[in-house]
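What follows is the content of data13.csv (CSV, C-alpha atoms).
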chain,number,residue,atom,x,y,z
H,1,MET,CA,121.0,124.6,105.5
H,2,ASN,CA,120.8,128.3,105.1
H,3,GLY,CA,117.5,130.4,104.8
H,4,TYR,CA,117.5,130.4,101.0
H,5,GLN,CA,117.9,126.6,100.8
H,6,ALA,CA,115.2,126.1,103.4
H,7,ARG,CA,112.8,128.2,101.4
H,8,THR,CA,113.7,126.4,98.2
H,9,GLU,CA,113.0,123.0,99.9
H,10,MET,CA,109.7,124.3,101.3
H,11,LYS,CA,108.6,125.4,97.8
H,12,LYS,CA,109.6,122.1,96.3
H,13,GLU,CA,107.6,120.3,98.9
H,14,ARG,CA,104.5,122.5,98.3
H,15,ILE,CA,104.8,121.7,94.5
H,16,ARG,CA,105.1,118.0,95.2
H,17,LYS,CA,102.1,118.0,97.5
H,18,ALA,CA,100.0,120.1,95.1
H,19,ALA,CA,100.9,117.9,92.2
H,20,LEU,CA,100.1,114.7,94.0
H,21,GLU,CA,96.8,116.1,95.3
H,22,LEU,CA,95.7,117.3,91.9
H,23,PHE,CA,96.9,114.1,90.1
H,24,ASN,CA,94.9,112.0,92.5
H,25,LYS,CA,91.8,114.2,92.1
H,26,TRP,CA,91.8,114.8,88.4
H,27,GLY,CA,94.3,112.4,86.8
H,28,VAL,CA,97.8,113.2,85.4
H,29,GLU,CA,96.6,114.1,81.9
H,30,LYS,CA,94.0,116.6,83.0
H,31,VAL,CA,96.3,118.6,85.3
H,32,SER,CA,98.5,121.3,83.8
H,33,LEU,CA,101.7,122.8,85.3
H,34,ALA,CA,99.8,126.1,85.5
H,35,GLN,CA,97.2,124.5,87.8
H,36,ILE,CA,99.9,122.9,90.0
H,37,ALA,CA,101.6,126.3,90.2
H,38,LYS,CA,98.4,128.0,91.2
H,39,HIS,CA,97.6,125.3,93.8
H,40,ALA,CA,101.2,125.5,95.2
H,41,GLU,CA,101.2,129.3,95.1
H,42,VAL,CA,104.3,129.5,92.9
H,43,SER,CA,104.9,130.5,89.3
H,44,PRO,CA,105.0,127.9,86.5
H,45,VAL,CA,108.6,129.0,85.9
H,46,THR,CA,109.5,127.9,89.4
H,47,ILE,CA,108.2,124.4,88.7
H,48,TYR,CA,110.1,124.3,85.5
H,49,ASN,CA,113.3,125.5,87.3
H,50,TYR,CA,113.0,122.9,90.0
H,51,PHE,CA,111.6,119.9,88.2
H,52,GLY,CA,111.7,120.5,84.4
H,53,THR,CA,108.8,119.3,82.3
H,54,LYS,CA,105.5,117.8,83.4
H,55,PRO,CA,106.7,114.2,82.8
H,56,GLN,CA,109.8,114.9,84.8
H,57,LEU,CA,107.6,116.3,87.7
H,58,VAL,CA,105.4,113.2,87.5
H,59,ARG,CA,108.5,110.9,87.8
H,60,HIS,CA,109.7,113.0,90.7
H,61,VAL,CA,106.4,112.7,92.5
H,62,ILE,CA,106.3,109.0,91.9
H,63,ILE,CA,109.8,108.4,93.2
H,64,THR,CA,109.3,110.7,96.2
H,65,MET,CA,106.0,108.8,97.0
H,66,LEU,CA,107.9,105.4,96.8
H,67,GLU,CA,110.7,106.7,99.0
H,68,GLU,CA,108.2,108.0,101.6
H,69,ALA,CA,106.3,104.7,101.5
H,70,TRP,CA,109.5,102.7,102.2
H,71,GLN,CA,110.5,105.1,105.0
H,72,GLN,CA,107.1,104.5,106.6
H,73,ARG,CA,107.6,100.7,106.2
H,74,ILE,CA,111.0,100.9,108.0
H,75,VAL,CA,109.5,102.8,110.9
H,76,LEU,CA,106.9,100.1,111.1
H,77,LEU,CA,109.5,97.3,110.9
H,78,GLN,CA,111.5,99.0,113.8
H,79,SER,CA,108.4,99.4,115.9
H,80,ASN,CA,107.5,97.3,119.0
H,81,LEU,CA,104.6,95.5,117.3
H,82,PRO,CA,104.7,91.7,117.2
H,83,PHE,CA,106.4,90.3,114.0
H,84,HIS,CA,103.2,88.9,112.4
H,85,GLU,CA,101.4,92.3,112.8
H,86,LYS,CA,104.4,94.1,111.3
H,87,ILE,CA,104.4,91.9,108.2
H,88,GLU,CA,100.7,92.0,107.8
H,89,LYS,CA,100.6,95.8,108.0
H,90,MET,CA,103.5,96.1,105.6
H,91,PHE,CA,101.9,93.9,102.9
H,92,PHE,CA,98.4,95.5,103.3
H,93,SER,CA,99.8,99.0,103.2
H,94,THR,CA,100.8,98.2,99.6
H,95,THR,CA,97.1,97.5,98.9
H,96,GLU,CA,96.0,100.7,100.5
H,97,MET,CA,98.5,102.7,98.5
H,98,ALA,CA,97.2,101.1,95.3
H,99,GLU,CA,93.6,101.9,96.3
H,100,ASN,CA,94.3,105.5,97.3
H,101,VAL,CA,96.6,106.7,94.6
H,102,ALA,CA,95.5,107.7,91.0
H,103,PRO,CA,96.1,104.7,88.7
H,104,GLU,CA,98.0,107.0,86.3
H,105,LEU,CA,100.6,107.5,89.0
H,106,LEU,CA,101.0,103.8,89.5
H,107,GLU,CA,101.2,102.9,85.8
H,108,PRO,CA,104.8,104.1,85.3
H,109,LEU,CA,105.8,101.7,88.1
H,110,LEU,CA,104.5,98.9,85.8
H,111,SER,CA,106.3,100.3,82.8
H,112,ASN,CA,109.9,100.0,81.7
H,113,ASP,CA,110.6,103.7,82.2
H,114,PRO,CA,114.4,103.6,82.8
H,115,GLU,CA,114.4,106.4,85.3
H,116,ILE,CA,111.6,104.8,87.4
H,117,VAL,CA,113.1,101.3,87.1
H,118,THR,CA,116.5,102.6,88.3
H,119,ALA,CA,114.9,104.6,91.2
H,120,VAL,CA,112.9,101.6,92.3
H,121,GLU,CA,116.0,99.4,92.3
H,122,ASN,CA,118.0,102.0,94.2
H,123,ILE,CA,115.3,102.5,96.8
H,124,TYR,CA,115.0,98.7,97.2
H,125,ARG,CA,118.8,98.3,97.6
H,126,LYS,CA,118.9,101.1,100.1
H,127,TYR,CA,116.3,99.4,102.4
H,128,GLU,CA,117.3,95.8,101.7
H,129,PRO,CA,119.5,95.5,104.8
H,130,GLU,CA,116.5,96.5,107.0
H,131,LEU,CA,114.4,93.9,105.3
H,132,ILE,CA,117.0,91.2,105.9
H,133,SER,CA,117.3,92.3,109.5
H,134,PHE,CA,113.5,92.1,109.8
H,135,ILE,CA,113.3,88.6,108.3
H,136,GLU,CA,116.1,87.4,110.6
H,137,SER,CA,114.3,88.8,113.7
H,138,GLY,CA,111.2,86.9,112.5
H,139,ARG,CA,113.3,83.8,112.2
H,140,ASP,CA,114.7,84.3,115.7
H,141,GLU,CA,111.1,84.6,117.0
H,142,GLY,CA,110.0,81.4,115.3
H,143,TYR,CA,107.8,83.0,112.6
H,144,VAL,CA,110.0,82.5,109.6
H,145,ASN,CA,110.7,79.0,108.3
H,146,PRO,CA,114.3,78.3,109.3
H,147,GLY,CA,114.8,76.2,106.1
H,148,VAL,CA,114.4,79.2,103.8
H,149,SER,CA,117.2,81.7,103.6
H,150,SER,CA,116.6,85.5,103.8
H,151,GLU,CA,118.0,85.8,100.3
H,152,THR,CA,115.4,83.4,98.9
H,153,ILE,CA,112.6,85.2,100.7
H,154,LEU,CA,113.9,88.5,99.2
H,155,LEU,CA,114.0,86.8,95.8
H,156,TYR,CA,110.4,85.6,96.3
H,157,PHE,CA,109.4,89.2,97.0
H,158,THR,CA,111.2,90.3,93.8
H,159,ILE,CA,109.5,87.6,91.7
H,160,LEU,CA,106.1,88.6,93.2
H,161,LYS,CA,106.8,92.3,92.3
H,162,GLU,CA,107.8,91.3,88.7
H,163,VAL,CA,104.7,89.1,88.3
H,164,SER,CA,102.4,91.7,89.7
H,165,ALA,CA,103.9,94.3,87.3
H,166,LYS,CA,102.6,92.1,84.5
H,167,ILE,CA,99.0,92.1,85.6
H,168,LYS,CA,97.1,95.3,85.4
H,169,ARG,CA,95.7,95.4,88.8
H,170,PHE,CA,96.1,99.1,89.6
H,171,ASP,CA,93.2,100.3,87.4
H,172,GLY,CA,91.2,101.8,90.3
H,173,SER,CA,88.3,99.4,90.0
H,174,GLU,CA,86.7,97.5,92.9
H,175,GLU,CA,87.7,94.2,91.2
H,176,ALA,CA,91.3,95.3,91.0
H,177,ALA,CA,91.3,96.3,94.6
H,178,ARG,CA,89.8,92.9,95.6
H,179,GLN,CA,92.4,91.0,93.6
H,180,THR,CA,95.2,93.1,95.1
H,181,ARG,CA,93.9,92.3,98.7
H,182,GLU,CA,93.6,88.6,97.7
H,183,LEU,CA,97.0,88.5,96.3
H,184,MET,CA,98.4,89.9,99.5
H,185,GLU,CA,96.4,87.3,101.5
H,186,ILE,CA,98.0,84.5,99.4
H,187,VAL,CA,101.5,86.0,99.9
H,188,PHE,CA,101.0,86.2,103.6
H,189,TYR,CA,98.8,83.2,104.4
H,190,GLY,CA,99.1,80.9,101.4
H,191,PHE,CA,96.1,79.6,99.5
H,192,LEU,CA,95.8,76.1,101.0
H,193,VAL,CA,93.3,75.4,103.8
H,194,LYS,CA,94.8,73.5,106.7
H,195,PRO,CA,93.4,70.0,106.9
H,196,SER,CA,91.3,69.3,110.0
H,197,CYS,CA,92.7,66.7,112.4

In structure tokens, what does this structure look like?
Amino acid sequence: MNGYQARTEMKKERIRKAALELFNKWGVEKVSLAQIAKHAEVSPVTIYNYFGTKPQLVRHVIITMLEEAWQQRIVLLQSNLPFHEKIEKMFFSTTEMAENVAPELLEPLLSNDPEIVTAVENIYRKYEPELISFIESGRDEGYVNPGVSSETILLYFTILKEVSAKIKRFDGSEEAARQTRELMEIVFYGFLVKPSC
């Protein structure tokens, strides 16, 4: 990458960070491209040249946020932590993201926006081999039920994602955050109490 390309990427990153910060603080609707430009120390024309319109910038911020979240998960899955700690941290990091990101940025993930849907599918496909490898390592360590295939576990995750997309749990309220944590608890631990012997 030459000096011009490096400067361009640095500007794009400043714009993304500024947009995310302002969207989280004030909400997507209340933030203008001019405010983002000022915060990122670039001109509004620069934002338009790199990202297009405000809705296009919002999509780009969301897709970048998802990509970075998956990259963090993969680093976690490749770490030396015990299997059960990895899976717990992976599931509960989703809850933390829902609690710490403006609801307006999460709503497009629950919509049928074709660009967002395609991006989510592409990101998932990109990291699917890592997830399968992780599930298999858990099976080898005795944590994952040997009678359930990796493909079925991935299908379960997909079903859970689709079901959660139909319930509006990302509205920023304490009740929504509690329900999100409880849903993740059920995914990880189940909802039945072990009978006492």

Near-Ile47 in chain H list (12 Å; only C-alpha atoms; drop same-chain fewer than 5 positions) as a PDB file with C-alpha atoms, in the coordinates of the input:
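Listing of around.pdb after writing:
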ATOM      1  CA  THR H   8     113.700 126.400  98.200  1.00  0.00           C
ATOM      2  CA  LYS H  11     108.600 125.400  97.800  1.00  0.00           C
ATOM      3  CA  LYS H  12     109.600 122.100  96.300  1.00  0.00           C
ATOM      4  CA  GLU H  13     107.600 120.300  98.900  1.00  0.00           C
ATOM      5  CA  ARG H  14     104.500 122.500  98.300  1.00  0.00           C
ATOM      6  CA  ILE H  15     104.800 121.700  94.500  1.00  0.00           C
ATOM      7  CA  ARG H  16     105.100 118.000  95.200  1.00  0.00           C
ATOM      8  CA  ALA H  18     100.000 120.100  95.100  1.00  0.00           C
ATOM      9  CA  ALA H  19     100.900 117.900  92.200  1.00  0.00           C
ATOM     10  CA  SER H  32      98.500 121.300  83.800  1.00  0.00           C
ATOM     11  CA  LEU H  33     101.700 122.800  85.300  1.00  0.00           C
ATOM     12  CA  ALA H  34      99.800 126.100  85.500  1.00  0.00           C
ATOM     13  CA  GLN H  35      97.200 124.500  87.800  1.00  0.00           C
ATOM     14  CA  ILE H  36      99.900 122.900  90.000  1.00  0.00           C
ATOM     15  CA  ALA H  37     101.600 126.300  90.200  1.00  0.00           C
ATOM     16  CA  LYS H  38      98.400 128.000  91.200  1.00  0.00           C
ATOM     17  CA  HIS H  39      97.600 125.300  93.800  1.00  0.00           C
ATOM     18  CA  ALA H  40     101.200 125.500  95.200  1.00  0.00           C
ATOM     19  CA  GLU H  41     101.200 129.300  95.100  1.00  0.00           C
ATOM     20  CA  VAL H  42     104.300 129.500  92.900  1.00  0.00           C
ATOM     21  CA  GLY H  52     111.700 120.500  84.400  1.00  0.00           C
ATOM     22  CA  THR H  53     108.800 119.300  82.300  1.00  0.00           C
ATOM     23  CA  LYS H  54     105.500 117.800  83.400  1.00  0.00           C
ATOM     24  CA  PRO H  55     106.700 114.200  82.800  1.00  0.00           C
ATOM     25  CA  GLN H  56     109.800 114.900  84.800  1.00  0.00           C
ATOM     26  CA  LEU H  57     107.600 116.300  87.700  1.00  0.00           C
ATOM     27  CA  VAL H  58     105.400 113.200  87.500  1.00  0.00           C
ATOM     28  CA  HIS H  60     109.700 113.000  90.700  1.00  0.00           C
TER      29      HIS H  60
END

**Request:** Could you check how far CA of Pro82 in chain H sits from CA of Met65 in chain H, in Å to one decimal?
**Result:** 26.5 Å

**Complete:** Taken to one decimal, the CA of Thr46 in chain H-CA of Gln71 in chain H distance is 27.6 Å

**Prompt:** Given the choices H:Lys126, H:Arg73, H:Glu67, H:Ile153, which gets closest to Glu88 in chain H if the distance is worked out from only C-alpha atoms?
**Reply:**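 Residue with the minimum atom-to-atom distance to Glu88 in chain H: H:Arg73.
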
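Computed from the coordinates, the CA of Thr158 in chain H to CA of Lys89 in chain H distance equals 18.6 Å.
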
**Asked** What lies within 10 Å of Val144 in chain H using all atoms listed in the file, ignoring chain neighbours under 5 positions off, as a list in words?
**Response**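 Using all atoms listed in the file, the neighbours found are Phe83, His84, Ile135, Glu136, Ser137, Gly138, Arg139, Ser149, Ser150 and Ile153 of chain H.
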
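The nearest approach to Met90 in chain H among the residues H:Trp70, H:Tyr48, H:Tyr143, H:Tyr156, with all atoms listed in the file taken into account, belongs to H:Trp70.
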